[in-house]
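*Asks:* This is the structure I have questions about; it appears just below.
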Amino acid sequence: MERIKSPKNKTIDITVEEGQEFLQKCLFANKDDVSKLENIINKTILGDTFSILNQLPKHFVNLMIVDPPYNLSKDYDGKKFNATDNQTYEAYTVQWIEKTLPLLKKNASIYVCCDWKSSLVIGPVLNRYFKIQNRITWQREKGRGSQKNWKNGLEDIWFATLSKDYKFNVEAVKIRKKVIAPYKSDGKPKDWEETDFGKFRNTYPSNFWDDISIPYWSMPENTSHPTQKPEKLIAKLILASSDKGDVVFDPFLGSGTTSVTAYKLGRQYVGIEQNERYCIFASKRLEEAKKNKSIQGYNDGVFWERNIPLNKKKRPKANKN
């Protein structure tokens with residue numbers, strides 16, 4: 001018996017046959033020229049990342065966001081990635097790093113997503129090629145529990161740069177937090193403000209993020225991709241380490257979160273994805289982004305501790321000072 005989808009379920013889950021109009025918006029690596037920047041800018045490239053990387057123009061990337069398959073057995077819509085030993089996974093990591101290095105500008109930054117297990121391999125490998133600036137840990141609050149181990153509720157993102165000359169726009173990634181002890185000076189709020197939702201302060205971000213919600217079925221950004229990252233998560237990386245007009249590159253695009261978020265934030269993008277269906281998801285989301293550039297949990301230039309209503313009449317205004 002076919003399950004009836006709830007009217008509130010906004011998950012993008014269409015077949016290749018249903019999504020042909022979106023697939024045709026992509027570049028096909030086996031027939032399109034991807035060697036020129038003007039051909040690939042603001043495009044999704046369908047094909048194998050490791051062969052396509054050799055064809056791309058040199059030194060065009062300001063920011064690279066990488067979400068490679070973790071060292072876990074996972075089925076990506078029929079394309080399986082099998083868990084292996086650390087030595088083999090290390091070689092896999094070295095391969096994509098060495099192929100992407102020629103694409104980066106001298107002041108480029110890179111963020112690499114991983115779980116705790118693959119992080120143990122990826123971190124040391126990155127250290128051979130880049131200057132590691134930090135390791136971000138974020139709370140994902142999703143996934144099944146374990147009977148014989150602690151539930152894995154955290155993931156890492158390595159932040160690295162090619163040199164000491166890199167962008168970091170800290171003012172663009174402040175977090176709006178509720179004030180627990182509202183201190184006043186001369187009877188006036190000190191570093192906080194009163195809103196209809198309570199007392200708030202804009203604070204500098206740390207490398208532990210507990211304000212992220214994994215996409216779920218009632219969110220327009222959600223797709224049936226098994227390891228989709230939230231737009232809010234990627235928005236922090238893009239705002240911190242790029243400027244408007246910069247090129248953001250994702251060699252493992254998946255359902256398109258990096259490209260969609262880059263577009264919403266006024267950046268240019270290039271993404272590679274090997275799965276036709278996920279390319280369709282990305283193209284469909286990019287079309288939807290032309291109508292609605294909102295990012296849940298990011299409003300008026302400020303990240304909120306938790307996602308808030310997108311209705312302007314309901315949401316509190318951010319401090320624009």
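Convention: chains lettered A, B, ... in structure tokens order; per-chain residue numbering from 1; ligands numbered from 1 as shown.
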Given only C-alpha atoms, how would the per-residue table for segment 11-69 of chain A near segment 223-242 of chain A read, listing every residue at most 12 Å away with its closest atom pair and distance in Å to one decimal, sorted by chain and number, as CSV?
*Replies:*
residue,atom,partner,partner_atom,distance
A:Thr11,CA,A:Thr223,CA,4.9
A:Ile12,CA,A:Thr223,CA,4.4
A:Asp13,CA,A:Ser224,CA,5.5
A:Ile14,CA,A:Ser224,CA,8.9
A:Thr15,CA,A:Ser224,CA,10.9
A:Val61,CA,A:Ser242,CA,10.3
A:Asn62,CA,A:Ser242,CA,6.8
A:Leu63,CA,A:Ser242,CA,6.5
A:Met64,CA,A:Ile238,CA,9.2
A:Ile65,CA,A:Leu237,CA,8.2
A:Val66,CA,A:Ile234,CA,10.6
A:Asp67,CA,A:Lys229,CA,8.7
A:Pro68,CA,A:Thr227,CA,10.2
A:Pro69,CA,A:Thr227,CA,8.9
*Asks:* Restricted to N, CA and C atoms, what would the selected residues look like written as a JSON list (two decimals), in the first residue's frame?
*Replies:*
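Result written to part-v2.json:
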[["chain", "number", "residue", "atom", "x", "y", "z"],
["A", 11, "THR", "N", 9.86, 17.37, 1.70],
["A", 11, "THR", "CA", 11.06, 16.66, 1.25],
["A", 11, "THR", "C", 11.10, 16.52, -0.28],
["A", 12, "ILE", "N", 12.25, 16.90, -0.87],
["A", 12, "ILE", "CA", 12.46, 16.71, -2.30],
["A", 12, "ILE", "C", 12.89, 15.26, -2.52],
["A", 13, "ASP", "N", 12.07, 14.52, -3.23],
["A", 13, "ASP", "CA", 12.34, 13.09, -3.43],
["A", 13, "ASP", "C", 11.75, 12.67, -4.77],
["A", 14, "ILE", "N", 12.33, 13.15, -5.86],
["A", 14, "ILE", "CA", 11.81, 12.87, -7.19],
["A", 14, "ILE", "C", 12.75, 11.94, -7.94],
["A", 15, "THR", "N", 12.22, 11.23, -8.89],
["A", 15, "THR", "CA", 13.00, 10.27, -9.65],
["A", 15, "THR", "C", 13.74, 10.98, -10.80],
["A", 61, "VAL", "N", 39.35, 28.87, -7.23],
["A", 61, "VAL", "CA", 38.54, 28.65, -6.03],
["A", 61, "VAL", "C", 39.00, 29.55, -4.88],
["A", 62, "ASN", "N", 38.06, 30.32, -4.33],
["A", 62, "ASN", "CA", 38.33, 31.11, -3.13],
["A", 62, "ASN", "C", 38.09, 30.28, -1.86],
["A", 63, "LEU", "N", 37.05, 29.46, -1.89],
["A", 63, "LEU", "CA", 36.67, 28.65, -0.74],
["A", 63, "LEU", "C", 36.22, 27.29, -1.21],
["A", 64, "MET", "N", 36.79, 26.25, -0.62],
["A", 64, "MET", "CA", 36.37, 24.88, -0.94],
["A", 64, "MET", "C", 35.75, 24.23, 0.29],
["A", 65, "ILE", "N", 34.55, 23.72, 0.10],
["A", 65, "ILE", "CA", 33.85, 22.99, 1.17],
["A", 65, "ILE", "C", 33.72, 21.54, 0.72],
["A", 66, "VAL", "N", 34.27, 20.64, 1.52],
["A", 66, "VAL", "CA", 34.36, 19.23, 1.12],
["A", 66, "VAL", "C", 33.60, 18.37, 2.13],
["A", 67, "ASP", "N", 32.66, 17.62, 1.62],
["A", 67, "ASP", "CA", 31.91, 16.67, 2.46],
["A", 67, "ASP", "C", 32.06, 15.29, 1.82],
["A", 68, "PRO", "N", 33.25, 14.68, 1.94],
["A", 68, "PRO", "CA", 33.50, 13.40, 1.27],
["A", 68, "PRO", "C", 32.75, 12.28, 1.97],
["A", 69, "PRO", "N", 32.60, 11.15, 1.31],
["A", 69, "PRO", "CA", 32.01, 9.99, 2.02],
["A", 69, "PRO", "C", 32.84, 9.68, 3.27]]
*Asks:* Residues near Glu276 of chain A, anyone? I mean within 8 Å using only C-alpha atoms, not counting same-chain ones fewer than 2 positions away, as a ChimeraX atom specification.
*Replies:* /A:16,23,46,273-274,278-280
*Asks:* Selected residues, C-alpha atoms, written as a PDB file, in the first residue's frame, please.
*Replies:*
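Saved as out_1.pdb:
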ATOM      1  CA  VAL A  16      15.386  10.791 -12.559  1.00  0.00           C
ATOM      2  CA  LEU A  23      18.946  17.448 -14.949  1.00  0.00           C
ATOM      3  CA  LEU A  46      27.530  15.558 -13.387  1.00  0.00           C
ATOM      4  CA  GLU A 273      28.163  15.225  -8.178  1.00  0.00           C
ATOM      5  CA  GLN A 274      28.255  11.715  -9.681  1.00  0.00           C
ATOM      6  CA  TYR A 278      21.215  14.182  -6.497  1.00  0.00           C
ATOM      7  CA  CYS A 279      22.107  16.579  -9.331  1.00  0.00           C
ATOM      8  CA  ILE A 280      18.370  16.914  -9.906  1.00  0.00           C
TER       9      ILE A 280
END
*Asks:* Please provide as JSON, numbers by chain all residues within 10 Å of Glu21 of chain A, with the sequence filter that same-chain residues fewer than 3 positions apart are discarded (counting only C-alpha atoms).
*Replies:* {"A": [16, 17, 18, 24, 25, 26, 280, 283, 284]}
*Asks:* Write out the residues from the selection above, keeping N, CA and C atoms, as a compact mmCIF listing (two decimals), in the first residue's frame.
*Replies:*
# COMPACT_ATOMS: atom_id res chain seq x y z
N VAL A 16 14.66 10.25 -11.41
CA VAL A 16 15.39 10.79 -12.56
C VAL A 16 14.42 11.09 -13.70
N GLU A 17 13.44 10.22 -13.89
CA GLU A 17 12.45 10.42 -14.96
C GLU A 17 11.63 11.68 -14.70
N GLU A 18 11.25 11.91 -13.46
CA GLU A 18 10.45 13.08 -13.12
C GLU A 18 11.26 14.38 -13.17
N GLN A 24 18.77 18.66 -17.05
CA GLN A 24 19.29 19.32 -18.24
C GLN A 24 19.95 20.66 -17.93
N LYS A 25 19.77 21.17 -16.72
CA LYS A 25 20.43 22.41 -16.31
C LYS A 25 21.88 22.16 -15.88
N CYS A 26 22.23 20.89 -15.74
CA CYS A 26 23.58 20.51 -15.30
C CYS A 26 24.52 20.38 -16.49
N ILE A 280 19.73 16.41 -9.74
CA ILE A 280 18.37 16.91 -9.91
C ILE A 280 17.92 17.63 -8.64
N SER A 283 19.63 21.03 -8.60
CA SER A 283 19.07 21.96 -9.58
C SER A 283 17.70 22.46 -9.15
N LYS A 284 16.90 21.56 -8.63
CA LYS A 284 15.56 21.97 -8.17
C LYS A 284 15.68 22.96 -7.00
*Asks:* Between A:Ala83, A:Ile212, A:Leu27, A:Leu253, which residue has the minimum interatomic distance to Trp138 of chain A, considering only C-alpha atoms?
*Replies:* A:Ile212
*Asks:* Got a sec to tell me which of segment 60-297 of chain A DSSP assigns to strand (DSSP E), as a PyMOL selection string?
*Replies:* chain A and resi 61-66+74-76+79-81+104-114+131-139+154-161+175-178+184-185+188-189+193-195+198-203+208-209+247-250+268-273
*Asks:* Grab the residues selected above and save them as a CSV table (one decimal), in the first residue's frame with C-alpha atoms.
*Replies:*
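For reference, again05.csv as written:
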chain,number,residue,atom,x,y,z
A,61,VAL,CA,38.5,28.7,-6.0
A,62,ASN,CA,38.3,31.1,-3.1
A,63,LEU,CA,36.7,28.7,-0.7
A,64,MET,CA,36.4,24.9,-0.9
A,65,ILE,CA,33.9,23.0,1.2
A,66,VAL,CA,34.4,19.2,1.1
A,74,LYS,CA,26.6,3.8,2.8
A,75,ASP,CA,24.3,3.5,-0.2
A,76,TYR,CA,24.0,6.7,-2.1
A,79,LYS,CA,26.2,4.0,-5.7
A,80,LYS,CA,27.7,2.3,-2.7
A,81,PHE,CA,30.7,3.5,-0.6
A,104,LEU,CA,42.8,26.8,-5.2
A,105,LYS,CA,43.8,30.4,-5.1
A,106,LYS,CA,46.8,31.3,-2.9
A,107,ASN,CA,44.6,32.7,-0.1
A,108,ALA,CA,42.0,30.0,-0.3
A,109,SER,CA,40.4,28.4,2.7
A,110,ILE,CA,39.1,24.8,2.9
A,111,TYR,CA,36.6,23.2,5.3
A,112,VAL,CA,36.3,19.4,5.4
A,113,CYS,CA,33.4,17.6,7.1
A,114,CYS,CA,33.9,14.3,8.8
A,131,LYS,CA,47.9,25.2,7.6
A,132,ILE,CA,45.2,23.9,10.0
A,133,GLN,CA,43.5,26.8,11.7
A,134,ASN,CA,40.9,25.0,13.8
A,135,ARG,CA,38.6,22.0,14.2
A,136,ILE,CA,34.9,22.8,14.6
A,137,THR,CA,32.6,20.3,16.3
A,138,TRP,CA,28.9,20.5,15.8
A,139,GLN,CA,26.0,18.7,17.5
A,154,LEU,CA,28.7,15.1,17.0
A,155,GLU,CA,30.6,15.7,13.8
A,156,ASP,CA,33.8,17.6,13.0
A,157,ILE,CA,34.7,20.2,10.4
A,158,TRP,CA,38.4,20.9,9.8
A,159,PHE,CA,39.2,24.5,8.9
A,160,ALA,CA,42.5,24.9,7.0
A,161,THR,CA,44.2,27.4,4.7
A,175,ILE,CA,25.4,34.3,17.2
A,176,ARG,CA,22.4,35.9,18.9
A,177,LYS,CA,22.1,34.3,22.4
A,178,LYS,CA,19.6,34.8,25.2
A,184,LYS,CA,23.0,47.2,33.1
A,185,SER,CA,25.3,50.3,33.2
A,188,LYS,CA,20.9,50.9,30.3
A,189,PRO,CA,21.5,47.4,28.9
A,193,GLU,CA,19.0,44.5,23.8
A,194,GLU,CA,15.4,43.9,24.7
A,195,THR,CA,13.1,42.3,22.0
A,198,GLY,CA,13.4,38.4,25.3
A,199,LYS,CA,16.8,39.8,26.1
A,200,PHE,CA,19.6,38.9,23.5
A,201,ARG,CA,23.2,39.6,22.9
A,202,ASN,CA,25.3,39.1,19.7
A,203,THR,CA,28.4,37.0,20.6
A,208,PHE,CA,31.6,24.2,19.2
A,209,TRP,CA,28.2,24.7,17.5
A,247,VAL,CA,33.8,31.2,-6.0
A,248,VAL,CA,32.8,28.5,-3.6
A,249,PHE,CA,33.6,24.9,-4.8
A,250,ASP,CA,32.3,21.6,-3.6
A,268,GLN,CA,29.4,32.1,-7.1
A,269,TYR,CA,29.5,28.3,-7.0
A,270,VAL,CA,30.7,25.2,-8.8
A,271,GLY,CA,29.8,21.7,-7.7
A,272,ILE,CA,30.5,18.1,-8.8
A,273,GLU,CA,28.2,15.2,-8.2
*Asks:* Counting only C-alpha atoms, what is within 7 Å of segment 92-97 of chain A, bar same-chain residues fewer than 5 positions away, as a ChimeraX atom specification?
*Replies:* /A:50,122,125
*Asks:* If you measure from atom CA of Ala262 of chain A to atom CA of Pro102 of chain A, what distance in Å do you get, rounded to one decimal?
*Replies:*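 Calculated distance between atom CA of Ala262 of chain A and atom CA of Pro102 of chain A is 21.6 Å.
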